[in-house]
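Raw contents of data-v7.txt, compact mmCIF, N, CA and C atoms:
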```txt
# COMPACT_ATOMS: atom_id res chain seq x y z
N MET A 6 94.02 3.32 -81.65
CA MET A 6 93.92 4.77 -81.65
C MET A 6 95.24 5.34 -81.15
N PHE A 7 95.70 6.37 -81.81
CA PHE A 7 96.94 7.07 -81.47
C PHE A 7 96.56 8.51 -81.16
N THR A 8 96.70 8.92 -79.91
CA THR A 8 96.23 10.23 -79.49
C THR A 8 97.20 10.90 -78.53
N ASN A 9 97.22 12.21 -78.55
CA ASN A 9 98.01 12.96 -77.58
C ASN A 9 97.29 13.09 -76.24
N CYS A 10 96.04 12.66 -76.18
CA CYS A 10 95.29 12.65 -74.92
C CYS A 10 95.74 11.46 -74.08
N GLN A 11 95.38 11.50 -72.81
CA GLN A 11 95.61 10.33 -71.96
C GLN A 11 94.68 9.20 -72.40
N GLU A 12 95.11 7.98 -72.20
CA GLU A 12 94.32 6.82 -72.61
C GLU A 12 92.94 6.83 -71.98
N THR A 13 92.83 7.21 -70.71
CA THR A 13 91.53 7.22 -70.03
C THR A 13 90.57 8.21 -70.70
N GLN A 14 91.08 9.37 -71.13
CA GLN A 14 90.24 10.35 -71.83
C GLN A 14 89.74 9.77 -73.15
N ALA A 15 90.64 9.13 -73.89
CA ALA A 15 90.27 8.56 -75.18
C ALA A 15 89.23 7.45 -75.01
N LYS A 16 89.41 6.60 -73.99
CA LYS A 16 88.45 5.53 -73.73
C LYS A 16 87.07 6.10 -73.44
N ARG A 17 87.02 7.15 -72.62
CA ARG A 17 85.73 7.78 -72.31
C ARG A 17 85.07 8.34 -73.57
N ALA A 18 85.85 8.98 -74.41
CA ALA A 18 85.31 9.56 -75.64
C ALA A 18 84.79 8.47 -76.57
N LEU A 19 85.56 7.41 -76.75
CA LEU A 19 85.12 6.31 -77.62
C LEU A 19 83.87 5.65 -77.07
N ARG A 20 83.82 5.47 -75.76
CA ARG A 20 82.64 4.86 -75.13
C ARG A 20 81.42 5.76 -75.34
N ALA A 21 81.58 7.06 -75.15
CA ALA A 21 80.46 8.00 -75.31
C ALA A 21 79.93 8.02 -76.74
N LEU A 22 80.83 7.79 -77.71
CA LEU A 22 80.45 7.77 -79.13
C LEU A 22 80.07 6.38 -79.62
N ASN A 23 80.10 5.41 -78.71
CA ASN A 23 79.82 4.01 -79.04
C ASN A 23 80.75 3.49 -80.15
N LEU A 24 82.02 3.86 -80.06
CA LEU A 24 83.01 3.44 -81.05
C LEU A 24 84.11 2.56 -80.45
N GLU A 25 84.04 2.32 -79.16
CA GLU A 25 85.11 1.61 -78.47
C GLU A 25 85.42 0.25 -79.10
N HIS A 26 84.40 -0.47 -79.54
CA HIS A 26 84.58 -1.81 -80.09
C HIS A 26 85.27 -1.83 -81.45
N HIS A 27 85.46 -0.67 -82.06
CA HIS A 27 86.12 -0.59 -83.37
C HIS A 27 87.64 -0.43 -83.26
N PHE A 28 88.16 -0.35 -82.05
CA PHE A 28 89.60 -0.12 -81.85
C PHE A 28 90.21 -1.26 -81.05
N ASP A 29 91.36 -1.72 -81.51
CA ASP A 29 92.08 -2.80 -80.82
C ASP A 29 92.81 -2.30 -79.58
N GLY A 30 93.08 -1.03 -79.54
CA GLY A 30 93.79 -0.47 -78.41
C GLY A 30 93.96 1.03 -78.55
N ILE A 31 94.48 1.62 -77.49
CA ILE A 31 94.72 3.07 -77.47
C ILE A 31 96.16 3.30 -77.05
N PHE A 32 96.85 4.13 -77.80
CA PHE A 32 98.20 4.55 -77.44
C PHE A 32 98.17 6.05 -77.28
N GLY A 33 98.30 6.51 -76.05
CA GLY A 33 98.17 7.93 -75.79
C GLY A 33 99.31 8.50 -74.97
N ALA A 34 99.06 9.63 -74.37
CA ALA A 34 100.08 10.41 -73.67
C ALA A 34 100.79 9.61 -72.58
N ASP A 35 100.06 8.79 -71.86
CA ASP A 35 100.68 8.02 -70.78
C ASP A 35 101.75 7.07 -71.31
N LEU A 36 101.50 6.47 -72.46
CA LEU A 36 102.44 5.52 -73.05
C LEU A 36 103.55 6.20 -73.85
N MET A 37 103.28 7.40 -74.35
CA MET A 37 104.28 8.12 -75.16
C MET A 37 105.43 8.65 -74.32
N GLY A 38 105.16 8.95 -73.08
CA GLY A 38 106.21 9.51 -72.23
C GLY A 38 106.41 10.99 -72.51
N GLU A 39 107.66 11.39 -72.69
CA GLU A 39 108.00 12.81 -72.83
C GLU A 39 107.78 13.37 -74.23
N VAL A 40 107.37 12.53 -75.18
CA VAL A 40 107.15 13.00 -76.56
C VAL A 40 105.67 12.93 -76.89
N SER A 41 105.29 13.55 -77.99
CA SER A 41 103.91 13.47 -78.48
C SER A 41 103.92 13.69 -79.99
N LYS A 42 102.76 13.40 -80.62
CA LYS A 42 102.66 13.71 -82.05
C LYS A 42 102.89 15.21 -82.22
N PRO A 43 103.59 15.65 -83.19
CA PRO A 43 104.06 14.98 -84.40
C PRO A 43 105.48 14.40 -84.31
N ASP A 44 106.09 14.34 -83.15
CA ASP A 44 107.45 13.82 -83.02
C ASP A 44 107.53 12.39 -83.57
N ALA A 45 108.49 12.11 -84.41
CA ALA A 45 108.65 10.79 -85.01
C ALA A 45 108.85 9.71 -83.94
N LEU A 46 109.46 10.05 -82.82
CA LEU A 46 109.66 9.07 -81.75
C LEU A 46 108.32 8.61 -81.17
N ALA A 47 107.35 9.49 -81.10
CA ALA A 47 106.01 9.10 -80.64
C ALA A 47 105.41 8.07 -81.59
N PHE A 48 105.56 8.30 -82.90
CA PHE A 48 105.07 7.35 -83.89
C PHE A 48 105.79 6.01 -83.74
N GLU A 49 107.11 6.05 -83.57
CA GLU A 49 107.88 4.82 -83.43
C GLU A 49 107.43 4.03 -82.21
N ARG A 50 107.19 4.71 -81.10
CA ARG A 50 106.73 4.03 -79.89
C ARG A 50 105.35 3.40 -80.10
N MET A 51 104.46 4.13 -80.75
CA MET A 51 103.13 3.61 -81.03
C MET A 51 103.22 2.38 -81.93
N MET A 52 104.03 2.47 -82.98
CA MET A 52 104.16 1.37 -83.92
C MET A 52 104.74 0.13 -83.22
N SER A 53 105.72 0.32 -82.39
CA SER A 53 106.31 -0.78 -81.63
C SER A 53 105.27 -1.42 -80.70
N HIS A 54 104.49 -0.58 -80.04
CA HIS A 54 103.46 -1.04 -79.11
C HIS A 54 102.45 -1.95 -79.82
N PHE A 55 102.05 -1.58 -81.03
CA PHE A 55 101.04 -2.33 -81.78
C PHE A 55 101.64 -3.35 -82.75
N GLY A 56 102.98 -3.45 -82.79
CA GLY A 56 103.62 -4.43 -83.67
C GLY A 56 103.56 -4.05 -85.14
N ILE A 57 103.62 -2.76 -85.42
CA ILE A 57 103.58 -2.26 -86.80
C ILE A 57 105.00 -1.94 -87.23
N SER A 58 105.38 -2.41 -88.41
CA SER A 58 106.72 -2.10 -88.92
C SER A 58 106.63 -1.00 -89.98
N LYS A 59 107.77 -0.39 -90.28
CA LYS A 59 107.79 0.66 -91.30
C LYS A 59 107.44 0.11 -92.68
N ASP A 60 107.56 -1.20 -92.87
CA ASP A 60 107.23 -1.82 -94.16
C ASP A 60 105.75 -2.13 -94.29
N ASP A 61 105.00 -2.10 -93.18
CA ASP A 61 103.56 -2.37 -93.23
C ASP A 61 102.84 -1.22 -93.91
N LYS A 62 101.76 -1.56 -94.62
CA LYS A 62 100.92 -0.51 -95.21
C LYS A 62 100.00 0.02 -94.12
N CYS A 63 100.01 1.33 -93.95
CA CYS A 63 99.19 1.96 -92.92
C CYS A 63 98.39 3.11 -93.52
N VAL A 64 97.14 3.21 -93.11
CA VAL A 64 96.31 4.37 -93.41
C VAL A 64 96.23 5.16 -92.11
N PHE A 65 96.55 6.45 -92.17
CA PHE A 65 96.59 7.27 -90.97
C PHE A 65 95.52 8.35 -91.05
N PHE A 66 94.52 8.27 -90.19
CA PHE A 66 93.42 9.24 -90.13
C PHE A 66 93.77 10.27 -89.08
N GLU A 67 93.71 11.54 -89.44
CA GLU A 67 94.20 12.58 -88.54
C GLU A 67 93.50 13.90 -88.83
N ASP A 68 93.30 14.71 -87.80
CA ASP A 68 92.71 16.04 -87.99
C ASP A 68 93.76 17.14 -87.88
N SER A 69 95.04 16.76 -87.86
CA SER A 69 96.12 17.73 -87.79
C SER A 69 97.07 17.52 -88.96
N LEU A 70 97.23 18.55 -89.77
CA LEU A 70 98.13 18.45 -90.92
C LEU A 70 99.57 18.23 -90.49
N VAL A 71 99.98 18.81 -89.38
CA VAL A 71 101.34 18.64 -88.89
C VAL A 71 101.60 17.17 -88.57
N ASN A 72 100.65 16.51 -87.92
CA ASN A 72 100.80 15.10 -87.60
C ASN A 72 100.80 14.24 -88.87
N LEU A 73 99.99 14.63 -89.84
CA LEU A 73 99.97 13.89 -91.11
C LEU A 73 101.30 14.02 -91.85
N GLU A 74 101.92 15.18 -91.76
CA GLU A 74 103.21 15.37 -92.43
C GLU A 74 104.23 14.35 -91.93
N THR A 75 104.28 14.12 -90.63
CA THR A 75 105.20 13.12 -90.08
C THR A 75 104.82 11.73 -90.56
N ALA A 76 103.54 11.41 -90.51
CA ALA A 76 103.07 10.08 -90.93
C ALA A 76 103.48 9.78 -92.37
N VAL A 77 103.38 10.80 -93.23
CA VAL A 77 103.69 10.61 -94.64
C VAL A 77 105.19 10.67 -94.90
N SER A 78 105.85 11.72 -94.43
CA SER A 78 107.25 11.94 -94.80
C SER A 78 108.22 10.98 -94.12
N VAL A 79 107.92 10.57 -92.89
CA VAL A 79 108.83 9.70 -92.16
C VAL A 79 108.44 8.22 -92.28
N PHE A 80 107.13 7.95 -92.29
CA PHE A 80 106.68 6.55 -92.22
C PHE A 80 105.93 6.08 -93.47
N ASN A 81 105.80 6.93 -94.47
CA ASN A 81 105.17 6.58 -95.74
C ASN A 81 103.76 6.01 -95.57
N MET A 82 103.01 6.56 -94.60
CA MET A 82 101.63 6.14 -94.39
C MET A 82 100.72 6.83 -95.38
N LEU A 83 99.61 6.19 -95.71
CA LEU A 83 98.60 6.80 -96.57
C LEU A 83 97.78 7.75 -95.72
N PRO A 84 97.81 9.06 -96.03
CA PRO A 84 97.13 10.03 -95.17
C PRO A 84 95.66 10.22 -95.52
N VAL A 85 94.85 10.33 -94.49
CA VAL A 85 93.46 10.76 -94.65
C VAL A 85 93.24 11.90 -93.68
N PHE A 86 93.06 13.09 -94.22
CA PHE A 86 92.82 14.27 -93.38
C PHE A 86 91.34 14.33 -93.04
N VAL A 87 91.03 14.25 -91.76
CA VAL A 87 89.66 14.38 -91.30
C VAL A 87 89.44 15.87 -91.08
N ALA A 88 88.73 16.48 -92.02
CA ALA A 88 88.59 17.93 -92.04
C ALA A 88 87.98 18.46 -90.76
N ASN A 89 88.58 19.52 -90.27
CA ASN A 89 88.10 20.14 -89.02
C ASN A 89 87.74 21.59 -89.28
N GLY A 90 87.20 21.85 -90.46
CA GLY A 90 86.81 23.21 -90.81
C GLY A 90 87.86 23.94 -91.61
N LYS A 91 89.03 23.34 -91.76
CA LYS A 91 90.11 23.96 -92.53
C LYS A 91 90.19 23.28 -93.88
N GLU A 92 90.68 23.99 -94.85
CA GLU A 92 90.87 23.40 -96.17
C GLU A 92 92.14 22.57 -96.18
N CYS A 93 92.16 21.56 -96.99
CA CYS A 93 93.34 20.71 -97.13
C CYS A 93 93.53 20.44 -98.61
N HIS A 94 94.58 20.96 -99.19
CA HIS A 94 94.89 20.71 -100.60
C HIS A 94 96.27 20.11 -100.68
N ARG A 95 96.33 18.79 -100.59
CA ARG A 95 97.59 18.07 -100.71
C ARG A 95 97.40 17.01 -101.77
N GLU A 96 98.26 16.95 -102.75
CA GLU A 96 98.16 15.97 -103.81
C GLU A 96 98.18 14.55 -103.23
N GLY A 97 97.21 13.74 -103.66
CA GLY A 97 97.15 12.36 -103.22
C GLY A 97 96.52 12.13 -101.87
N TRP A 98 96.03 13.18 -101.22
CA TRP A 98 95.43 13.02 -99.90
C TRP A 98 93.92 12.96 -100.04
N THR A 99 93.30 12.11 -99.26
CA THR A 99 91.85 12.01 -99.22
C THR A 99 91.34 12.93 -98.12
N VAL A 100 90.31 13.70 -98.42
CA VAL A 100 89.75 14.61 -97.42
C VAL A 100 88.38 14.09 -97.01
N VAL A 101 88.18 13.96 -95.71
CA VAL A 101 86.89 13.50 -95.19
C VAL A 101 86.11 14.73 -94.74
N ARG A 102 84.95 14.96 -95.33
CA ARG A 102 84.03 16.02 -94.93
C ARG A 102 82.65 15.40 -94.94
N GLY A 103 81.67 16.00 -94.34
CA GLY A 103 80.31 15.50 -94.30
C GLY A 103 80.08 14.17 -94.98
N GLU A 104 80.43 14.07 -96.25
CA GLU A 104 80.34 12.80 -96.96
C GLU A 104 81.75 12.30 -97.21
N LEU A 105 81.91 11.01 -97.12
CA LEU A 105 83.23 10.41 -97.22
C LEU A 105 83.61 10.12 -98.67
N ASP A 106 84.76 10.61 -99.09
CA ASP A 106 85.32 10.28 -100.39
C ASP A 106 86.36 9.19 -100.14
N LEU A 107 86.05 7.97 -100.54
CA LEU A 107 86.94 6.86 -100.24
C LEU A 107 88.12 6.77 -101.20
N GLY A 108 88.09 7.51 -102.28
CA GLY A 108 89.16 7.58 -103.25
C GLY A 108 90.35 6.67 -103.03
N ASN A 109 91.41 7.19 -102.44
CA ASN A 109 92.67 6.48 -102.26
C ASN A 109 92.61 5.38 -101.21
N VAL A 110 91.60 5.37 -100.38
CA VAL A 110 91.59 4.49 -99.22
C VAL A 110 91.03 3.11 -99.55
N SER A 111 90.15 3.00 -100.54
CA SER A 111 89.39 1.78 -100.74
C SER A 111 90.25 0.53 -100.92
N ASP A 112 91.38 0.62 -101.58
CA ASP A 112 92.22 -0.55 -101.77
C ASP A 112 92.93 -0.96 -100.50
N ALA A 113 93.22 -0.04 -99.62
CA ALA A 113 94.03 -0.32 -98.44
C ALA A 113 93.21 -0.66 -97.21
N ALA A 114 91.92 -0.37 -97.21
CA ALA A 114 91.12 -0.53 -96.00
C ALA A 114 90.16 -1.69 -96.14
N SER A 115 89.77 -2.25 -95.03
CA SER A 115 88.85 -3.39 -95.03
C SER A 115 87.42 -2.92 -95.23
N ALA A 116 86.54 -3.87 -95.62
CA ALA A 116 85.13 -3.54 -95.82
C ALA A 116 84.51 -3.06 -94.51
N GLU A 117 84.90 -3.66 -93.38
CA GLU A 117 84.36 -3.25 -92.09
C GLU A 117 84.72 -1.80 -91.78
N LEU A 118 85.98 -1.43 -92.04
CA LEU A 118 86.41 -0.06 -91.80
C LEU A 118 85.66 0.90 -92.71
N LEU A 119 85.50 0.54 -93.98
CA LEU A 119 84.78 1.41 -94.91
C LEU A 119 83.33 1.61 -94.46
N ALA A 120 82.69 0.53 -94.01
CA ALA A 120 81.31 0.65 -93.53
C ALA A 120 81.24 1.56 -92.31
N LEU A 121 82.19 1.39 -91.39
CA LEU A 121 82.24 2.25 -90.20
C LEU A 121 82.40 3.71 -90.61
N LEU A 122 83.30 3.97 -91.53
CA LEU A 122 83.55 5.35 -91.93
C LEU A 122 82.35 5.96 -92.64
N LYS A 123 81.69 5.19 -93.46
CA LYS A 123 80.49 5.70 -94.13
C LYS A 123 79.44 6.10 -93.10
N ASP A 124 79.25 5.23 -92.09
CA ASP A 124 78.27 5.53 -91.05
C ASP A 124 78.70 6.72 -90.21
N PHE A 125 79.97 6.75 -89.83
CA PHE A 125 80.49 7.79 -88.95
C PHE A 125 80.48 9.14 -89.63
N CYS A 126 80.74 9.17 -90.94
CA CYS A 126 80.86 10.44 -91.66
C CYS A 126 79.57 10.89 -92.33
N ALA A 127 78.49 10.09 -92.17
CA ALA A 127 77.23 10.47 -92.79
C ALA A 127 76.71 11.74 -92.13
N PRO A 128 76.14 12.64 -92.94
CA PRO A 128 75.56 13.85 -92.34
C PRO A 128 74.51 13.51 -91.30
N VAL A 129 74.40 14.32 -90.27
CA VAL A 129 73.43 14.10 -89.21
C VAL A 129 72.04 14.05 -89.80
N GLY A 130 71.24 13.07 -89.37
CA GLY A 130 69.87 12.93 -89.86
C GLY A 130 69.75 11.91 -90.97
N ASP A 131 70.87 11.54 -91.59
CA ASP A 131 70.84 10.51 -92.63
C ASP A 131 70.95 9.15 -91.99
N SER A 132 70.41 8.14 -92.66
CA SER A 132 70.55 6.78 -92.14
C SER A 132 71.25 5.89 -93.11
```
Serialized structure, structure tokens:
Amino acid sequence: MFTNCQETQAKRALRALNLEHHFDGIFGADLMGEVSKPDALAFERMMSHFGISKDDKCVFFEDSLVNLETAVSVFNMLPVFVANGKECHREGWTVVRGELDLGNVSDAASAELLALLKDFCAPVGDS
């Protein structure tokens, strides 16, 4: 997880949502130092921390278009905008709303991730 929050805040949120076991680690404000998303240096520090190179294929899930712009334009990541009530019309971008459209993501993501996303994005009350 890459967040502008402190790592302890992110851990509490993941634990409360029972999602902690789906993440290998958290890179947040404490580790970023004086920078934060969308600064490219924050991305570089996160990638170094997790051993990700610019040549690796990455899918970047984000609820901020500004942060996605950096992920795409600087690091060539596949963007997935997690809709937060705002419209997103960007060519080639997958938009996550109530129901998940896996469109561009299916080839790049694992079956476990896809199953998690289907469950996480299912409308409330659905099983």
Pick out the closest residue to Cys63 (chain A) from this set: A:Lys16, A:Pro43, A:Ile31, A:Val77. Count only C-alpha atoms.
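Of the candidates, the smallest distance to Cys63 (chain A) is held by A:Val77.
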Mind giving me the straight-line distance from atom N of Gly33 (chain A) to CA of Val87 (chain A) in Å, one decimal?
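Computing it gives 19.2 Å between the two atoms.
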For the atom pair CA of Leu83 (chain A) and CA of Ala47 (chain A), what is the interatomic distance in Å to one decimal place?
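The value is 17.7 Å.
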For each of A:Ala21, A:His26, A:Gln11, A:Lys42, take the minimum atom-to-atom distance to Val71 (chain A), counting all atoms listed in the file, then give the residue where this is smallest.
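The shortest atom-to-atom distance to Val71 (chain A) comes from A:Lys42.
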One-decimal distance in Å that lies between CA of Asn23 (chain A) and CA of Thr75 (chain A):
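Interatomic distance, CA of Thr75 (chain A) to CA of Asn23 (chain A): 29.1 Å.
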Residue neighbourhood Ala34 (chain A), 8 Å, only N, CA and C atoms, exclusion window fewer than 4 positions, as a list in words:
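So, after excluding close chain neighbours, the residues are Phe7, Thr8, Asn9, Cys10, Gln11, Glu12, Thr13, Gly38, Glu39, Val40 and Ser41 of chain A.
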Generate a file of the selected residues that holds N, CA and C atoms, formatted as a PDB file, in the coordinates of the input.
```pdb
ATOM      1  N   PHE A   7      95.700   6.370 -81.810  1.00  0.00           N
ATOM      2  CA  PHE A   7      96.940   7.070 -81.470  1.00  0.00           C
ATOM      3  C   PHE A   7      96.560   8.510 -81.160  1.00  0.00           C
ATOM      4  N   THR A   8      96.700   8.920 -79.910  1.00  0.00           N
ATOM      5  CA  THR A   8      96.230  10.230 -79.490  1.00  0.00           C
ATOM      6  C   THR A   8      97.200  10.900 -78.530  1.00  0.00           C
ATOM      7  N   ASN A   9      97.220  12.210 -78.550  1.00  0.00           N
ATOM      8  CA  ASN A   9      98.010  12.960 -77.580  1.00  0.00           C
ATOM      9  C   ASN A   9      97.290  13.090 -76.240  1.00  0.00           C
ATOM     10  N   CYS A  10      96.040  12.660 -76.180  1.00  0.00           N
ATOM     11  CA  CYS A  10      95.290  12.650 -74.920  1.00  0.00           C
ATOM     12  C   CYS A  10      95.740  11.460 -74.080  1.00  0.00           C
ATOM     13  N   GLN A  11      95.380  11.500 -72.810  1.00  0.00           N
ATOM     14  CA  GLN A  11      95.610  10.330 -71.960  1.00  0.00           C
ATOM     15  C   GLN A  11      94.680   9.200 -72.400  1.00  0.00           C
ATOM     16  N   GLU A  12      95.110   7.980 -72.200  1.00  0.00           N
ATOM     17  CA  GLU A  12      94.320   6.820 -72.610  1.00  0.00           C
ATOM     18  C   GLU A  12      92.940   6.830 -71.980  1.00  0.00           C
ATOM     19  N   THR A  13      92.830   7.210 -70.710  1.00  0.00           N
ATOM     20  CA  THR A  13      91.530   7.220 -70.030  1.00  0.00           C
ATOM     21  C   THR A  13      90.570   8.210 -70.700  1.00  0.00           C
ATOM     22  N   GLY A  38     105.160   8.950 -73.080  1.00  0.00           N
ATOM     23  CA  GLY A  38     106.210   9.510 -72.230  1.00  0.00           C
ATOM     24  C   GLY A  38     106.410  10.990 -72.510  1.00  0.00           C
ATOM     25  N   GLU A  39     107.660  11.390 -72.690  1.00  0.00           N
ATOM     26  CA  GLU A  39     108.000  12.810 -72.830  1.00  0.00           C
ATOM     27  C   GLU A  39     107.780  13.370 -74.230  1.00  0.00           C
ATOM     28  N   VAL A  40     107.370  12.530 -75.180  1.00  0.00           N
ATOM     29  CA  VAL A  40     107.150  13.000 -76.560  1.00  0.00           C
ATOM     30  C   VAL A  40     105.670  12.930 -76.890  1.00  0.00           C
ATOM     31  N   SER A  41     105.290  13.550 -77.990  1.00  0.00           N
ATOM     32  CA  SER A  41     103.910  13.470 -78.480  1.00  0.00           C
ATOM     33  C   SER A  41     103.920  13.690 -79.990  1.00  0.00           C
TER      34      SER A  41
END
```
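Counting only C-alpha atoms and comparing A:Leu70, A:Met6, A:Met37, A:Ala18, the residue that lies closest to Pro84 (chain A) is A:Leu70.
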Using all atoms listed in the file, find the one residue out of A:Ala45, A:Met52, A:Leu24, A:Val85 that sits nearest to Val64 (chain A).
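Counting all atoms listed in the file, the residue closest to Val64 (chain A) is A:Val85.
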Using only C-alpha atoms, find the one residue out of A:Met82, A:Asp44, A:Asp35, A:Glu74 that sits nearest to Ile57 (chain A).
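Smallest separation from Ile57 (chain A) among the options: A:Met82.
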Going by DSSP on the backbone, which residues of region 38-90 of chain A come out as alpha helix (DSSP H)? List them as a VMD selection string.
chain A and resid 45 to 55 70 to 78
Could you dump the residues just selected with N, CA and C atoms as an mmCIF file, in the frame of the given file?
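Output contents, as saved in selection_5.cif:
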```
data_model
loop_
_atom_site.group_PDB
_atom_site.id
_atom_site.type_symbol
_atom_site.label_atom_id
_atom_site.label_comp_id
_atom_site.auth_asym_id
_atom_site.auth_seq_id
_atom_site.Cartn_x
_atom_site.Cartn_y
_atom_site.Cartn_z
ATOM 1 N N ALA A 45 108.490 12.110 -84.410
ATOM 2 C CA ALA A 45 108.650 10.790 -85.010
ATOM 3 C C ALA A 45 108.850 9.710 -83.940
ATOM 4 N N LEU A 46 109.460 10.050 -82.820
ATOM 5 C CA LEU A 46 109.660 9.070 -81.750
ATOM 6 C C LEU A 46 108.320 8.610 -81.170
ATOM 7 N N ALA A 47 107.350 9.490 -81.100
ATOM 8 C CA ALA A 47 106.010 9.100 -80.640
ATOM 9 C C ALA A 47 105.410 8.070 -81.590
ATOM 10 N N PHE A 48 105.560 8.300 -82.900
ATOM 11 C CA PHE A 48 105.070 7.350 -83.890
ATOM 12 C C PHE A 48 105.790 6.010 -83.740
ATOM 13 N N GLU A 49 107.110 6.050 -83.570
ATOM 14 C CA GLU A 49 107.880 4.820 -83.430
ATOM 15 C C GLU A 49 107.430 4.030 -82.210
ATOM 16 N N ARG A 50 107.190 4.710 -81.100
ATOM 17 C CA ARG A 50 106.730 4.030 -79.890
ATOM 18 C C ARG A 50 105.350 3.400 -80.100
ATOM 19 N N MET A 51 104.460 4.130 -80.750
ATOM 20 C CA MET A 51 103.130 3.610 -81.030
ATOM 21 C C MET A 51 103.220 2.380 -81.930
ATOM 22 N N MET A 52 104.030 2.470 -82.980
ATOM 23 C CA MET A 52 104.160 1.370 -83.920
ATOM 24 C C MET A 52 104.740 0.130 -83.220
ATOM 25 N N SER A 53 105.720 0.320 -82.390
ATOM 26 C CA SER A 53 106.310 -0.780 -81.630
ATOM 27 C C SER A 53 105.270 -1.420 -80.700
ATOM 28 N N HIS A 54 104.490 -0.580 -80.040
ATOM 29 C CA HIS A 54 103.460 -1.040 -79.110
ATOM 30 C C HIS A 54 102.450 -1.950 -79.820
ATOM 31 N N PHE A 55 102.050 -1.580 -81.030
ATOM 32 C CA PHE A 55 101.040 -2.330 -81.780
ATOM 33 C C PHE A 55 101.640 -3.350 -82.750
ATOM 34 N N LEU A 70 97.230 18.550 -89.770
ATOM 35 C CA LEU A 70 98.130 18.450 -90.920
ATOM 36 C C LEU A 70 99.570 18.230 -90.490
ATOM 37 N N VAL A 71 99.980 18.810 -89.380
ATOM 38 C CA VAL A 71 101.340 18.640 -88.890
ATOM 39 C C VAL A 71 101.600 17.170 -88.570
ATOM 40 N N ASN A 72 100.650 16.510 -87.920
ATOM 41 C CA ASN A 72 100.800 15.100 -87.600
ATOM 42 C C ASN A 72 100.800 14.240 -88.870
ATOM 43 N N LEU A 73 99.990 14.630 -89.840
ATOM 44 C CA LEU A 73 99.970 13.890 -91.110
ATOM 45 C C LEU A 73 101.300 14.020 -91.850
ATOM 46 N N GLU A 74 101.920 15.180 -91.760
ATOM 47 C CA GLU A 74 103.210 15.370 -92.430
ATOM 48 C C GLU A 74 104.230 14.350 -91.930
ATOM 49 N N THR A 75 104.280 14.120 -90.630
ATOM 50 C CA THR A 75 105.200 13.120 -90.080
ATOM 51 C C THR A 75 104.820 11.730 -90.560
ATOM 52 N N ALA A 76 103.540 11.410 -90.510
ATOM 53 C CA ALA A 76 103.070 10.080 -90.930
ATOM 54 C C ALA A 76 103.480 9.780 -92.370
ATOM 55 N N VAL A 77 103.380 10.800 -93.230
ATOM 56 C CA VAL A 77 103.690 10.610 -94.640
ATOM 57 C C VAL A 77 105.190 10.670 -94.900
ATOM 58 N N SER A 78 105.850 11.720 -94.430
ATOM 59 C CA SER A 78 107.250 11.940 -94.800
ATOM 60 C C SER A 78 108.220 10.980 -94.120
#
```
A:Asp61, A:His54, A:Phe32, A:Ala15 ranked by distance to Asn81 (chain A), top pick (using only N, CA and C atoms):
A:Asp61
With DSSP run on the backbone, what are the strand (DSSP E or B) residues within region 15-94 of chain A? I'd like them as an mmCIF file with N, CA and C atoms, in the coordinates of the input.
```cif
data_model
loop_
_atom_site.group_PDB
_atom_site.id
_atom_site.type_symbol
_atom_site.label_atom_id
_atom_site.label_comp_id
_atom_site.auth_asym_id
_atom_site.auth_seq_id
_atom_site.Cartn_x
_atom_site.Cartn_y
_atom_site.Cartn_z
ATOM 1 N N PHE A 32 96.850 4.130 -77.800
ATOM 2 C CA PHE A 32 98.200 4.550 -77.440
ATOM 3 C C PHE A 32 98.170 6.050 -77.280
ATOM 4 N N VAL A 64 97.140 3.210 -93.110
ATOM 5 C CA VAL A 64 96.310 4.370 -93.410
ATOM 6 C C VAL A 64 96.230 5.160 -92.110
ATOM 7 N N PHE A 65 96.550 6.450 -92.170
ATOM 8 C CA PHE A 65 96.590 7.270 -90.970
ATOM 9 C C PHE A 65 95.520 8.350 -91.050
ATOM 10 N N PHE A 66 94.520 8.270 -90.190
ATOM 11 C CA PHE A 66 93.420 9.240 -90.130
ATOM 12 C C PHE A 66 93.770 10.270 -89.080
ATOM 13 N N GLU A 67 93.710 11.540 -89.440
ATOM 14 C CA GLU A 67 94.200 12.580 -88.540
ATOM 15 C C GLU A 67 93.500 13.900 -88.830
ATOM 16 N N LEU A 83 99.610 6.190 -95.710
ATOM 17 C CA LEU A 83 98.600 6.800 -96.570
ATOM 18 C C LEU A 83 97.780 7.750 -95.720
ATOM 19 N N PRO A 84 97.810 9.060 -96.030
ATOM 20 C CA PRO A 84 97.130 10.030 -95.170
ATOM 21 C C PRO A 84 95.660 10.220 -95.520
ATOM 22 N N VAL A 85 94.850 10.330 -94.490
ATOM 23 C CA VAL A 85 93.460 10.760 -94.650
ATOM 24 C C VAL A 85 93.240 11.900 -93.680
ATOM 25 N N PHE A 86 93.060 13.090 -94.220
ATOM 26 C CA PHE A 86 92.820 14.270 -93.380
ATOM 27 C C PHE A 86 91.340 14.330 -93.040
ATOM 28 N N VAL A 87 91.030 14.250 -91.760
ATOM 29 C CA VAL A 87 89.660 14.380 -91.300
ATOM 30 C C VAL A 87 89.440 15.870 -91.080
#
```
